[in-house]
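Structure record follows, encoded as structure tokens.
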Amino acid sequence: MSIDAAVLDRLRDIVGARGYLDQKDDLAPFLVDHRGLYHGATPLVLRPERTAQVRAIMRLCNENGIGVVPVGGNTGYCGGATPSADGSQIVLSMSRMRRIRALDPLNGMLIAEAGCVLADVQAAAASVDRLFPMSLGSEGSCQLGGNLSTNAGGTAVLRYGMMRDLVLGLEVVLPDGQLLEDLAPLRKNNTGYDLRDLFIGAEGTLGVITAATCKLYARPAGHFTALVAVADPQAAVALLSDLRAASGDAVSTFELMPRIALELVFRHIAPLADPFGHAYPWYVLLEVGVHWRDAGVREAIEAELLATIAAAAPLDAAVAANDTQREMFWRIRESIPAAQRREGASIKHDISVSTSELPRFIAEASNRIAQIAPEGRIVAYGHLGDGNLHFNVSGPGGEADEAFLRRAPDLQRSVHDLIAAYAGSFSAEHGIGQLKRDELLRYKDPVAVQLMHRLKRTLDPGGIMNPGKILY
């Protein structure tokens with residue numbers, strides 16, 4: 001179904017000459033998802049600069065039954081920001097809505113528009129000696145609106161929570177163009193339903209987030225960062241428990257990495273090298289923010305953390321002595337996805353279970369993989385501190401990858417069935433998009449799915465908001 005040319009002209013008029021794209025080469029980046037799994041078509045990408053323009057766009061699209069696909073930095077993994085292939089939807093890019101509207105360090109908040117790149121939000125907080133703790137590998141390109149719409153996680157969830165936990169209020173344009181203006185920077189506000197939470201994690205299917213009031217935190221005076229080699233995931237879980245007790249629950253990062261992950265990084269990402277010069281089966285990248293500026297206090301805290309690590313009898317440990325070493329440790333962790341892509345075909349899982357159950361899950365899931373695809377190489381890494389693991393399986397390489405990938409449906413079903421048995425999640429932080437709609441129907445509580453459909457019909461009766469994402 002094509003969109004009437006006159007309506008397209010009216011949409012162009014709303015945003016002005018600089019606010020739209022309609023040429024083939026300009027449209028191309030918006031028609032494929034980050035992983036290249038989905039390809040779509042659209043006659044028009046709209047780039048509004050003000051909330052009033054978003055409202056006018058939504059009113060016109062709602063009146064004419066035109067699907068609207070909001071897009072941020074297009075860094076998602078599940079095809080949630082790719083339009084359909086029939087060209088019947090327009091794309092709404094928030095990239096020009098990138099103002100920091102308010103910055104209040106005394107109240108610990110800032111108000112940012114949805115098109116702000118995450119790194120710019122972090123920089124705005126740092127400019128007033130505050131911390132916005134959301135941190136992702138894609139923070140140089142992902143946008144705040146996308147982070148909100150997918151309820152992004154990242155590497156600091158253990159200490160600060162997911163995106164939902166970092167937001168005080170939202171400004172949202174509803175499908176009919178009405179504006180929900182709820183940006184009040186209040187920590188306490190029990191005045192009925194918390195409508196904010198309807199839109200965070202909804203992947204643009206209920207409305208368009210245009211701005212958010214975000215929480216700010218005290219910036220650490222420094223960081224205690226260490227790379228610790230451990231015998232197995234159970235040893236890592238025990239170390240985490242000890243460190244949380246020793247630090248007063250101030251551990252912000254606790255990332256689990258198997259040896260194969262480091263080998264892929266060293267093979268494909270130069271000029272990184274092994275910090276130990278010796279191979280160990282598992283590693284943990286851990287970080288604790290140190291807020292005391294007094295050198296004597298900091299030294300005492302670091303000594304306590306070192307003693308806790310030593311008491312856990314690790315196979316080896318390296319503590320970052322300066323920012324250069326800290327950056328090297330982090331680069332190893334953050335390079336794993338790129339290194340795995342360069343290695344070749346892989347089958348990915350974004351799962352979560354309770355942290356205490358992760359060691360047993362890894363063992364059971366590994367046995368299942370060995371039975372279904374013995375040639376697969378398990379690359380299980382991620383945010384052990386909050387129970388989220390990227391349980392990926394790399395293929396054997398070369399021509400054998402094609403046969404390996406044919407096993408993907410059976411392999412993924414087996415892993416997700418096991419996750420269900422653990423009362424875990426098959427999508428811990430990447431969302432549903434187009435990729436996992438069938439999984440949602442299979443594993444989500446039927447009453448929950450029914451309620452989701454009711455909410456969708458109530459808020460978006462015309463079904464124009466990001467059609468075909470999350471729900472069929």
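Order determines the names: the first chain of the structure tokens is A, the second B, and so forth; residues in each chain are numbered 1 upward, and ligands are numbered 1 upward as they are shown.
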
- Item | Non-local contacts of segment 455-459 of chain A (8 Å; only C-alpha atoms; under 2 positions in same chain excluded) as a ChimeraX atom specification | /A:174-175,205-206,451-453,461-463

Write out the residues from the selection above, keeping C-alpha atoms, as a CSV table (one decimal), in the first residue's frame.
chain,number,residue,atom,x,y,z
A,174,LEU,CA,0.6,9.8,21.7
A,175,PRO,CA,-0.5,8.2,18.4
A,205,THR,CA,4.7,0.8,19.9
A,206,LEU,CA,2.6,3.0,22.2
A,451,LEU,CA,-2.9,-7.2,28.7
A,452,MET,CA,-0.3,-6.0,26.3
A,453,HIS,CA,-2.7,-6.3,23.4
A,461,PRO,CA,-6.5,2.0,18.3
A,462,GLY,CA,-5.4,2.7,14.7
A,463,GLY,CA,-2.3,0.5,15.1

- What's the 9 Å shell around segment 416-429 of chain A, counting only C-alpha atoms, without same-chain residues fewer than 6 positions away, as a ChimeraX atom specification? /A:150-154,162,349-354,357,361,364-365,387-389,436,439-440,443

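Using only C-alpha atoms, the residues found no farther than 10 Å from Asp120 of chain A, other than those of its own chain fewer than 3 positions away, are A:Arg98, A:Arg99, A:Ile100, A:Ala112, A:Cys116, A:Val117, A:Ala123, A:Ala124, A:Ala125, A:Ala126, A:Glu139, A:Gly140, A:Ser141, A:Gln143, A:Leu144.
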
May I have the selected residues written with N, CA and C atoms, as a CSV table (one decimal), in the first residue's frame?
chain,number,residue,atom,x,y,z
A,98,ARG,N,18.0,17.2,20.0
A,98,ARG,CA,19.1,16.8,20.8
A,98,ARG,C,19.5,17.9,21.8
A,99,ARG,N,18.6,18.7,22.3
A,99,ARG,CA,18.9,19.7,23.2
A,99,ARG,C,18.9,19.1,24.7
A,100,ILE,N,19.8,19.7,25.5
A,100,ILE,CA,19.7,19.5,26.9
A,100,ILE,C,18.8,20.7,27.4
A,112,ALA,N,16.7,15.9,28.9
A,112,ALA,CA,17.3,15.8,27.6
A,112,ALA,C,16.3,15.4,26.6
A,116,CYS,N,19.3,13.1,21.7
A,116,CYS,CA,20.6,13.3,22.3
A,116,CYS,C,21.4,11.9,22.3
A,117,VAL,N,22.6,12.0,21.8
A,117,VAL,CA,23.4,10.8,21.8
A,117,VAL,C,23.8,10.5,23.3
A,123,ALA,N,28.3,13.5,29.0
A,123,ALA,CA,29.1,14.7,29.0
A,123,ALA,C,28.5,15.9,29.7
A,124,ALA,N,27.2,16.0,29.4
A,124,ALA,CA,26.4,17.1,30.1
A,124,ALA,C,26.4,16.9,31.6
A,125,ALA,N,26.2,15.7,32.0
A,125,ALA,CA,26.3,15.4,33.5
A,125,ALA,C,27.7,15.7,34.0
A,126,ALA,N,28.7,15.3,33.3
A,126,ALA,CA,30.1,15.5,33.8
A,126,ALA,C,30.4,17.0,33.9
A,139,GLU,N,27.6,3.8,23.0
A,139,GLU,CA,27.2,5.1,23.6
A,139,GLU,C,27.6,6.3,22.7
A,140,GLY,N,28.5,6.1,21.8
A,140,GLY,CA,28.9,7.2,20.9
A,140,GLY,C,27.9,7.4,19.8
A,141,SER,N,26.9,6.5,19.6
A,141,SER,CA,25.9,6.7,18.5
A,141,SER,C,24.5,6.4,18.9
A,143,GLN,N,21.0,6.7,20.9
A,143,GLN,CA,20.3,7.9,21.3
A,143,GLN,C,19.4,7.6,22.6
A,144,LEU,N,19.2,8.7,23.3
A,144,LEU,CA,18.5,8.5,24.6
A,144,LEU,C,17.1,7.9,24.3

- Just asking: which residues within segment 63-288 of chain A are helix (DSSP H, G or I) according to DSSP, as a ChimeraX atom specification? /A:63-64,118-126,144-149,157-160,163-166,196-199,233-247,259-268

May I have the selected residues written with C-alpha atoms, as an mmCIF file, in the first residue's frame?
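And here's part.cif as it stands now:
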data_model
loop_
_atom_site.group_PDB
_atom_site.id
_atom_site.type_symbol
_atom_site.label_atom_id
_atom_site.label_comp_id
_atom_site.auth_asym_id
_atom_site.auth_seq_id
_atom_site.Cartn_x
_atom_site.Cartn_y
_atom_site.Cartn_z
ATOM 1 C CA GLU A 63 -5.898 10.560 10.456
ATOM 2 C CA ASN A 64 -4.598 8.759 7.370
ATOM 3 C CA LEU A 118 24.072 8.917 25.049
ATOM 4 C CA ALA A 119 27.692 10.097 25.227
ATOM 5 C CA ASP A 120 26.478 13.705 25.052
ATOM 6 C CA VAL A 121 24.117 13.122 27.975
ATOM 7 C CA GLN A 122 27.032 11.662 29.922
ATOM 8 C CA ALA A 123 29.145 14.712 29.010
ATOM 9 C CA ALA A 124 26.416 17.126 30.094
ATOM 10 C CA ALA A 125 26.282 15.441 33.484
ATOM 11 C CA ALA A 126 30.075 15.520 33.776
ATOM 12 C CA LEU A 144 18.453 8.529 24.574
ATOM 13 C CA GLY A 145 15.054 7.839 23.011
ATOM 14 C CA GLY A 146 16.209 4.439 21.830
ATOM 15 C CA ASN A 147 17.715 3.681 25.240
ATOM 16 C CA LEU A 148 14.362 4.494 26.812
ATOM 17 C CA SER A 149 12.278 2.632 24.252
ATOM 18 C CA VAL A 157 23.129 -2.137 35.953
ATOM 19 C CA LEU A 158 24.464 -3.890 39.050
ATOM 20 C CA ARG A 159 24.997 -0.561 40.834
ATOM 21 C CA TYR A 160 22.557 1.845 39.149
ATOM 22 C CA MET A 163 17.218 2.735 31.975
ATOM 23 C CA ARG A 164 13.842 2.502 33.728
ATOM 24 C CA ASP A 165 15.622 3.119 37.035
ATOM 25 C CA LEU A 166 17.402 6.221 35.758
ATOM 26 C CA ARG A 196 5.974 6.625 32.527
ATOM 27 C CA ASP A 197 6.603 2.909 32.785
ATOM 28 C CA LEU A 198 4.160 2.144 29.978
ATOM 29 C CA PHE A 199 6.458 3.739 27.418
ATOM 30 C CA PRO A 233 31.633 -19.225 36.973
ATOM 31 C CA GLN A 234 30.848 -20.479 40.482
ATOM 32 C CA ALA A 235 34.077 -18.911 41.741
ATOM 33 C CA ALA A 236 33.064 -15.679 40.023
ATOM 34 C CA VAL A 237 29.666 -15.646 41.732
ATOM 35 C CA ALA A 238 31.301 -16.202 45.120
ATOM 36 C CA LEU A 239 33.783 -13.375 44.468
ATOM 37 C CA LEU A 240 30.938 -11.037 43.549
ATOM 38 C CA SER A 241 29.144 -11.763 46.802
ATOM 39 C CA ASP A 242 32.295 -11.088 48.828
ATOM 40 C CA LEU A 243 33.051 -7.847 46.984
ATOM 41 C CA ARG A 244 29.523 -6.518 47.408
ATOM 42 C CA ALA A 245 29.828 -7.037 51.145
ATOM 43 C CA ALA A 246 33.307 -5.524 51.339
ATOM 44 C CA SER A 247 32.415 -2.446 49.256
ATOM 45 C CA ARG A 259 38.977 -17.681 27.596
ATOM 46 C CA ILE A 260 37.654 -18.098 24.064
ATOM 47 C CA ALA A 261 36.261 -14.548 24.174
ATOM 48 C CA LEU A 262 39.689 -13.116 24.955
ATOM 49 C CA GLU A 263 41.292 -15.252 22.257
ATOM 50 C CA LEU A 264 38.854 -13.871 19.677
ATOM 51 C CA VAL A 265 39.648 -10.325 20.794
ATOM 52 C CA PHE A 266 43.400 -10.890 20.645
ATOM 53 C CA ARG A 267 43.043 -12.501 17.201
ATOM 54 C CA HIS A 268 40.871 -9.861 15.587
#

- Can you check which residues of segment 334-462 of chain A DSSP gives as strand (DSSP E or B) on the backbone and send them as a PyMOL selection string? chain A and resi 346-347+350-352+377-383+388-394+425+427

Dump of C-alpha atoms for the selected residues, as a PDB file, in the first residue's frame:
ATOM      1  CA  SER A 346      27.337 -17.121  15.406  1.00  0.00           C
ATOM      2  CA  ILE A 347      24.012 -17.844  17.080  1.00  0.00           C
ATOM      3  CA  ASP A 350      20.415 -12.633  25.357  1.00  0.00           C
ATOM      4  CA  ILE A 351      19.315 -14.458  28.502  1.00  0.00           C
ATOM      5  CA  SER A 352      18.982 -13.789  32.198  1.00  0.00           C
ATOM      6  CA  ARG A 377      32.092 -22.928  20.179  1.00  0.00           C
ATOM      7  CA  ILE A 378      30.376 -21.411  23.208  1.00  0.00           C
ATOM      8  CA  VAL A 379      31.168 -17.754  23.862  1.00  0.00           C
ATOM      9  CA  ALA A 380      29.219 -17.057  27.058  1.00  0.00           C
ATOM     10  CA  TYR A 381      30.012 -13.600  28.374  1.00  0.00           C
ATOM     11  CA  GLY A 382      28.293 -10.629  29.927  1.00  0.00           C
ATOM     12  CA  HIS A 383      26.828  -8.998  32.971  1.00  0.00           C
ATOM     13  CA  ASN A 388      22.405 -11.301  32.148  1.00  0.00           C
ATOM     14  CA  LEU A 389      24.547 -13.434  29.869  1.00  0.00           C
ATOM     15  CA  HIS A 390      25.132 -13.274  26.136  1.00  0.00           C
ATOM     16  CA  PHE A 391      25.175 -17.014  25.624  1.00  0.00           C
ATOM     17  CA  ASN A 392      26.505 -17.021  22.075  1.00  0.00           C
ATOM     18  CA  VAL A 393      27.689 -19.933  19.975  1.00  0.00           C
ATOM     19  CA  SER A 394      30.268 -19.362  17.227  1.00  0.00           C
ATOM     20  CA  SER A 425      14.182 -14.372  30.412  1.00  0.00           C
ATOM     21  CA  SER A 427      15.448 -11.328  26.175  1.00  0.00           C
TER      22      SER A 427
END

- Neighbours of Ser84 of chain A within 9 Å (only C-alpha atoms; same-chain residues fewer than 4 positions away dropped), as JSON, numbers by chain? {"A": [31, 38, 39, 40, 41, 42, 88, 89, 467, 468]}

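Using only C-alpha atoms, the smallest distance between any of A:Val447, A:Ala338, A:Ile332, A:Ala373 and Leu256 of chain A comes from A:Ile332.
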
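Taking atom CA of Arg341 of chain A and atom CA of Gly201 of chain A as endpoints, the distance between them is 26.5 Å.
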